[in-house]
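Peer 1: What follows is target_5.csv; its format and atoms are CSV, C-alpha atoms and all ligand atoms.
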chain,number,residue,atom,x,y,z
A,1,MET,CA,0.0,0.0,0.0
A,2,GLU,CA,1.4,3.4,-1.0
A,3,LEU,CA,0.2,6.4,1.0
A,4,HIS,CA,0.4,8.6,-2.1
A,5,ASP,CA,-2.2,6.4,-3.8
A,6,LEU,CA,-4.8,6.8,-1.0
A,7,ARG,CA,-7.3,9.2,-2.4
A,8,ILE,CA,-11.1,9.7,-2.2
A,9,ASN,CA,-13.1,11.8,-4.6
A,10,TYR,CA,-15.7,13.6,-2.4
A,11,GLY,CA,-19.2,14.2,-3.6
A,12,LYS,CA,-21.7,13.7,-0.8
A,13,GLY,CA,-22.8,17.3,-0.5
A,14,GLU,CA,-22.5,20.9,-1.4
A,15,ILE,CA,-22.9,24.3,0.1
A,16,ASP,CA,-25.5,26.6,-1.6
A,17,ASP,CA,-24.4,30.3,-1.3
A,18,ARG,CA,-28.0,31.5,-1.7
A,19,ASN,CA,-29.1,29.8,1.5
A,20,LEU,CA,-26.4,30.8,4.1
A,21,PRO,CA,-27.6,31.5,7.7
A,22,GLU,CA,-26.7,34.9,9.3
A,23,SER,CA,-24.9,33.3,12.3
A,24,PRO,CA,-22.9,30.0,12.2
A,25,PHE,CA,-24.4,28.4,15.3
A,26,GLY,CA,-27.7,27.2,13.7
A,27,TRP,CA,-25.7,25.8,10.8
A,28,PHE,CA,-23.3,24.0,13.2
A,29,GLY,CA,-26.2,22.5,15.0
A,30,GLU,CA,-27.6,21.1,11.8
A,31,TRP,CA,-24.3,19.5,10.8
A,32,LEU,CA,-23.8,18.1,14.3
A,33,ALA,CA,-27.4,16.7,14.2
A,34,ASP,CA,-26.7,15.1,10.8
A,35,ALA,CA,-23.6,13.4,12.3
A,36,ILE,CA,-25.5,12.2,15.4
A,37,SER,CA,-28.5,10.9,13.4
A,38,LYS,CA,-26.2,9.0,11.0
A,39,GLY,CA,-24.9,7.2,14.1
A,40,LEU,CA,-21.3,8.4,13.6
A,41,PRO,CA,-19.1,7.3,16.5
A,42,GLU,CA,-18.2,10.1,18.9
A,43,ALA,CA,-20.0,12.7,16.7
A,44,ASN,CA,-19.4,15.3,19.4
A,45,ALA,CA,-15.6,14.7,19.6
A,46,MET,CA,-13.5,17.6,18.6
A,47,VAL,CA,-9.8,18.4,18.4
A,48,LEU,CA,-9.0,21.2,20.9
A,49,SER,CA,-5.8,23.0,20.3
A,50,THR,CA,-4.2,25.3,22.8
A,51,VAL,CA,-0.9,27.3,22.8
A,52,SER,CA,1.6,27.6,25.6
A,53,ASP,CA,2.9,30.9,26.9
A,54,LEU,CA,6.0,30.2,24.7
A,55,GLY,CA,3.8,29.8,21.6
A,56,LYS,CA,4.0,26.0,21.4
A,57,PRO,CA,0.8,24.5,20.1
A,58,SER,CA,-0.7,21.2,21.4
A,59,SER,CA,-3.8,19.3,20.4
A,60,ARG,CA,-6.0,16.6,21.9
A,61,ILE,CA,-9.6,15.3,21.6
A,62,VAL,CA,-12.3,16.5,24.0
A,63,LEU,CA,-16.1,16.1,23.9
A,64,LEU,CA,-18.4,19.0,23.1
A,65,LYS,CA,-21.1,19.0,25.9
A,66,ALA,CA,-23.2,22.0,24.8
A,67,PHE,CA,-23.2,25.0,22.5
A,68,ASP,CA,-25.3,28.1,22.0
A,69,GLU,CA,-25.0,31.6,20.5
A,70,ARG,CA,-22.1,32.3,23.0
A,71,GLY,CA,-19.9,29.4,22.2
A,72,PHE,CA,-18.8,25.8,22.7
A,73,LEU,CA,-18.6,24.0,26.1
A,74,PHE,CA,-16.3,21.2,27.2
A,75,PHE,CA,-15.1,19.8,30.5
A,76,THR,CA,-11.7,18.9,31.7
A,77,ASN,CA,-9.1,19.2,34.5
A,78,TYR,CA,-8.0,22.9,35.0
A,79,SER,CA,-4.6,21.7,36.2
A,80,SER,CA,-3.9,19.6,33.1
A,81,ARG,CA,-1.5,20.6,30.4
A,82,LYS,CA,-4.3,22.2,28.4
A,83,GLY,CA,-5.6,24.0,31.5
A,84,HIS,CA,-2.2,25.5,32.2
A,85,ASN,CA,-2.0,26.6,28.5
A,86,ILE,CA,-5.4,28.3,28.7
A,87,THR,CA,-4.5,30.1,32.0
A,88,LEU,CA,-1.5,31.6,30.4
A,89,ASN,CA,-2.8,32.0,26.8
A,90,PRO,CA,-6.6,31.9,26.3
A,91,ALA,CA,-6.4,31.5,22.5
A,92,GLY,CA,-7.7,28.2,21.2
A,93,SER,CA,-9.2,26.3,18.4
A,94,LEU,CA,-11.7,23.4,17.9
A,95,LEU,CA,-11.8,21.1,14.9
A,96,PHE,CA,-14.7,18.7,14.0
A,97,PHE,CA,-14.2,16.1,11.3
A,98,TRP,CA,-17.1,13.9,10.2
A,99,PRO,CA,-15.4,11.8,7.4
A,100,GLU,CA,-18.6,9.9,6.5
A,101,LEU,CA,-20.2,13.2,5.6
A,102,GLU,CA,-17.1,14.7,4.1
A,103,ARG,CA,-17.4,17.7,6.4
A,104,GLN,CA,-15.1,19.7,8.6
A,105,VAL,CA,-15.8,22.6,10.9
A,106,ARG,CA,-13.0,24.8,12.3
A,107,VAL,CA,-13.6,27.2,15.2
A,108,GLU,CA,-11.1,29.7,16.6
A,109,GLY,CA,-11.5,32.0,19.6
A,110,ILE,CA,-10.9,32.7,23.2
A,111,ILE,CA,-11.3,30.2,26.0
A,112,LEU,CA,-12.7,31.1,29.4
A,113,LYS,CA,-13.8,29.0,32.5
A,114,ALA,CA,-17.4,28.2,32.8
A,115,ASP,CA,-19.2,29.4,35.9
A,116,PRO,CA,-19.3,26.9,38.9
A,117,VAL,CA,-23.0,26.2,38.5
A,118,THR,CA,-22.5,24.9,34.9
A,119,SER,CA,-19.6,22.8,36.1
A,120,ASP,CA,-21.5,21.4,39.0
A,121,GLU,CA,-24.6,20.5,36.9
A,122,TYR,CA,-22.5,18.5,34.5
A,123,PHE,CA,-20.2,16.9,37.1
A,124,TYR,CA,-23.1,15.6,39.3
A,125,SER,CA,-24.8,14.2,36.2
A,126,ARG,CA,-21.8,11.9,35.5
A,127,PRO,CA,-21.7,8.2,36.6
A,128,LEU,CA,-20.1,7.7,40.1
A,129,GLU,CA,-17.0,5.9,38.7
A,130,SER,CA,-16.3,8.8,36.3
A,131,ARG,CA,-16.6,11.4,39.1
A,132,VAL,CA,-14.1,9.3,41.1
A,133,SER,CA,-11.7,9.3,38.2
A,134,ALA,CA,-12.0,13.1,37.9
A,135,ALA,CA,-11.3,13.4,41.6
A,136,VAL,CA,-8.3,11.1,41.8
A,137,SER,CA,-6.6,11.6,38.4
A,138,PRO,CA,-3.9,14.3,38.3
A,139,GLN,CA,-4.5,14.7,34.6
A,140,SER,CA,-1.3,15.2,32.5
A,141,ALA,CA,1.0,14.5,35.5
A,142,GLU,CA,3.5,11.6,35.4
A,143,VAL,CA,2.3,8.6,37.5
A,144,PRO,CA,4.3,5.6,38.6
A,145,SER,CA,2.1,2.9,37.0
A,146,ARG,CA,-1.4,1.7,35.9
A,147,ILE,CA,-1.6,-0.2,39.3
A,148,TYR,CA,-1.1,3.1,41.2
A,149,LEU,CA,-4.0,4.7,39.3
A,150,GLU,CA,-6.3,1.8,39.9
A,151,LYS,CA,-5.4,1.6,43.6
A,152,MET,CA,-6.2,5.4,44.0
A,153,HIS,CA,-9.5,4.8,42.3
A,154,LYS,CA,-10.4,1.8,44.4
A,155,ASP,CA,-9.3,3.3,47.7
A,156,PHE,CA,-11.3,6.5,47.0
A,157,LEU,CA,-14.4,4.4,46.1
A,158,GLU,CA,-14.1,2.3,49.3
A,159,SER,CA,-13.6,5.4,51.5
A,160,LEU,CA,-16.9,6.9,50.3
A,161,LYS,CA,-19.7,6.8,52.8
A,162,ASP,CA,-22.3,7.5,50.2
A,163,ASP,CA,-22.3,8.4,46.5
A,164,LYS,CA,-21.3,12.0,47.2
A,165,VAL,CA,-18.1,12.9,45.4
A,166,GLN,CA,-17.5,16.6,45.6
A,167,ARG,CA,-16.5,18.3,42.3
A,168,PRO,CA,-12.8,19.0,42.6
A,169,ASP,CA,-11.9,22.7,42.4
A,170,ASN,CA,-9.6,22.0,39.5
A,171,TRP,CA,-12.2,20.2,37.4
A,172,GLY,CA,-14.9,22.0,35.4
A,173,GLY,CA,-16.0,23.5,32.1
A,174,TYR,CA,-14.5,25.9,29.6
A,175,TRP,CA,-16.3,27.9,27.0
A,176,LEU,CA,-14.6,28.6,23.7
A,177,PHE,CA,-16.1,31.9,22.4
A,178,PRO,CA,-15.6,31.9,18.6
A,179,GLU,CA,-14.3,34.7,16.5
A,180,LEU,CA,-14.0,32.6,13.4
A,181,VAL,CA,-16.0,29.5,12.2
A,182,GLU,CA,-15.4,27.7,8.9
A,183,PHE,CA,-17.6,25.1,7.3
A,184,TRP,CA,-15.9,22.8,4.8
A,185,GLN,CA,-17.7,20.4,2.5
A,186,GLY,CA,-15.6,18.0,0.3
A,187,ARG,CA,-16.4,18.3,-3.4
A,188,ARG,CA,-15.3,16.6,-6.6
A,189,ASN,CA,-11.7,17.1,-8.0
A,190,ARG,CA,-10.6,18.8,-4.7
A,191,LEU,CA,-12.7,21.9,-5.6
A,192,HIS,CA,-14.2,21.9,-2.1
A,193,ASP,CA,-16.7,24.4,-0.6
A,194,ARG,CA,-15.5,26.6,2.3
A,195,ILE,CA,-17.6,29.2,4.0
A,196,GLN,CA,-16.0,31.3,6.7
A,197,TYR,CA,-17.8,33.4,9.4
A,198,ASP,CA,-15.6,36.1,11.0
A,199,ARG,CA,-16.7,38.1,14.1
A,200,SER,CA,-13.6,40.3,14.5
A,201,ASP,CA,-15.8,43.5,14.2
A,202,SER,CA,-18.5,42.2,16.6
A,203,GLU,CA,-20.9,41.2,13.8
A,204,TRP,CA,-20.6,38.0,11.9
A,205,LYS,CA,-19.4,38.5,8.3
A,206,ARG,CA,-19.3,35.7,5.9
A,207,CYS,CA,-17.3,34.9,2.8
A,208,ARG,CA,-16.4,32.0,0.6
A,209,LEU,CA,-12.8,30.8,0.7
A,210,ALA,CA,-10.8,29.1,-2.0
A,211,PRO,CA,-10.2,25.4,-1.3
B,301,LIG,C1,-12.9,10.3,22.2
B,301,LIG,C2,-12.1,11.1,23.3
B,301,LIG,C3,-12.8,11.9,24.1
B,301,LIG,C4,-12.1,12.6,25.1
B,301,LIG,N1,-12.9,13.5,25.9
B,301,LIG,C5,-12.2,14.3,26.8
B,301,LIG,C6,-12.9,15.3,27.5
B,301,LIG,O1,-14.1,15.6,27.3
B,301,LIG,N2,-12.2,16.0,28.5
B,301,LIG,C7,-10.9,15.7,28.7
B,301,LIG,O2,-10.3,16.4,29.6
B,301,LIG,N3,-10.2,14.8,28.1
B,301,LIG,C8,-10.8,14.1,27.1
B,301,LIG,N4,-10.1,13.1,26.4
B,301,LIG,C9,-8.7,12.9,26.7
B,301,LIG,C10,-7.8,14.0,26.0
B,301,LIG,O3,-7.7,13.7,24.6
B,301,LIG,C11,-6.4,14.2,26.7
B,301,LIG,O4,-5.8,12.9,26.7
B,301,LIG,C12,-6.5,14.7,28.1
B,301,LIG,O5,-7.5,15.7,28.2
B,301,LIG,C13,-5.2,15.3,28.6
B,301,LIG,O6,-4.8,16.3,27.7
B,301,LIG,P1,-3.7,17.4,28.1
B,301,LIG,O7,-2.6,16.6,28.8
B,301,LIG,O8,-3.2,18.0,26.8
B,301,LIG,O9,-4.3,18.4,29.0
B,301,LIG,C14,-10.7,12.4,25.3
B,301,LIG,C15,-10.0,11.6,24.5
B,301,LIG,C16,-10.7,10.9,23.4
B,301,LIG,C17,-9.9,10.1,22.5
Starting from the file, lay out its structure as structure tokens.
Ligand SMILES: Cc1cc2nc3c(=O)[nH]c(=O)nc-3n(C[C@H](O)[C@H](O)[C@H](O)COP(=O)(O)O)c2cc1C
Peer 2:
Amino acid sequence: MELHDLRINYGKGEIDDRNLPESPFGWFGEWLADAISKGLPEANAMVLSTVSDLGKPSSRIVLLKAFDERGFLFFTNYSSRKGHNITLNPAGSLLFFWPELERQVRVEGIILKADPVTSDEYFYSRPLESRVSAAVSPQSAEVPSRIYLEKMHKDFLESLKDDKVQRPDNWGGYWLFPELVEFWQGRRNRLHDRIQYDRSDSEWKRCRLAP
């Protein structure tokens, strides 16, 4: 198998310029709903990229847990590598890729902590074992072994008098407030559709970009 021979000619959809929404959020919701209704695995998974204070980028997958006209919400450990990046440099980006639909959405903006009520609501909706993992895992820190992690998890579970695991102070939500959103639909002969929304002047402006 030669990598340079791997090639797909896209043709599952197109973007009609005559029908573009004013704001990108409704459109994003339609594409996400398409991905979910088609049963795509982890349809709400997105690549989150952050940048260190020294300008070094890093990326990882997180799950989108809500979005509205403000932005996109995800949950994580505030003391993790991404958390440290965001504290020192709030610029970030999200990337969704739904290959079965030949679609990509790029989002760029500023990341800010969600309020504690939002974080509590989601944390206490999670299964007990997941809450315990959030409480015991020093995300992104070096640990001695798998056994060490499992022992911490088991000891914590056994020490519980009831199902009440407090949300750790260093675990919660972040909102990414977008300044730029781009919708990409694969087309024949690599002549793809790209529509960009830009809010640098407080109102959303849209344009078509060359593929
Ligand atoms: C499908 C999938 C979903 C994930 N969802 C999350 C998530 O919602 N929150 C999170 O903190 N990590 C999530 N992770 C783990 C992250 O990719 C990453 O390993 C972790 O957050 C540590 O990243 P960091 O060291 O860069 O901070 C997920 C990974 C995968 C593959």
Peer 1: Around ligand LIG 301 (chain B), at most 10 Å away and counting only C-alpha atoms and all ligand atoms, which residues are there? Put them as a count of residues only, please.
Peer 2: 40
Peer 1: Find the distance between atom CA of A:Pro211 and atom CA of A:Ala91 and write it in Å to one decimal.
Peer 2: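 Atom-to-atom, atom CA of A:Pro211 to atom CA of A:Ala91, that is 24.9 Å.
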Peer 1: Between A:Ser200, A:Ser133, A:Ser52, A:Gln185, which is the closest to A:Phe156 once you count only C-alpha atoms?
Peer 2: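 Ranking A:Ser200, A:Ser133, A:Ser52, A:Gln185 by distance to A:Phe156, first place goes to A:Ser133.
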Peer 1: Restricting the calculation to only C-alpha atoms, which member of A:Lys154, A:Asp162, A:Glu129, A:Arg167 is positioned closest to A:Val117?
Peer 2: A:Arg167
Peer 1: Between atom CA of A:Ile15 and atom CA of A:Ala35, what is the distance in Å, rounded to a tenth?
Peer 2: 16.4 Å
Peer 1: Just the number, please: distance in Å from atom CA of A:Lys113 to atom CA of A:Trp175, one decimal.
Peer 2: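 For atom CA of A:Lys113 relative to atom CA of A:Trp175, the distance reads 6.1 Å.
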Peer 1: Determine, counting only C-alpha atoms, every residue of protein, DNA or RNA that lies within 6 Å of (-10.5, 28.0, 21.8) in the file coordinates, then give the result as a PyMOL selection string.
Peer 2: chain A and resi 91-93+108-111+176
Peer 1: Might you pull out every residue within 6 Å of A:Arg103, with only C-alpha atoms counted and same-chain residues fewer than 2 positions away left off, and present them as a PDB file with C-alpha atoms, in the coordinates of the input?
Peer 2:
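Output contents, as saved in around_36.pdb:
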ATOM      1  CA  TRP A  98     -17.100  13.900  10.200  1.00  0.00           C
ATOM      2  CA  LEU A 101     -20.200  13.200   5.600  1.00  0.00           C
ATOM      3  CA  TRP A 184     -15.900  22.800   4.800  1.00  0.00           C
ATOM      4  CA  GLN A 185     -17.700  20.400   2.500  1.00  0.00           C
TER       5      GLN A 185
END
Peer 1: When you look at stretch 201-205 of chain A with a cut-off of 12 Å (counting only C-alpha atoms), what residues show up, excluding the ones that are within fewer than 5 positions of it in the same chain? I need them as a list in words.
Peer 2: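 Non-adjacent residues within range: Leu20, Pro21, Glu22, Ser23, Pro24, Phe25, Glu69, Pro178, Glu179, Leu180, Val181, Glu182, Ile195 and Gln196 of chain A.
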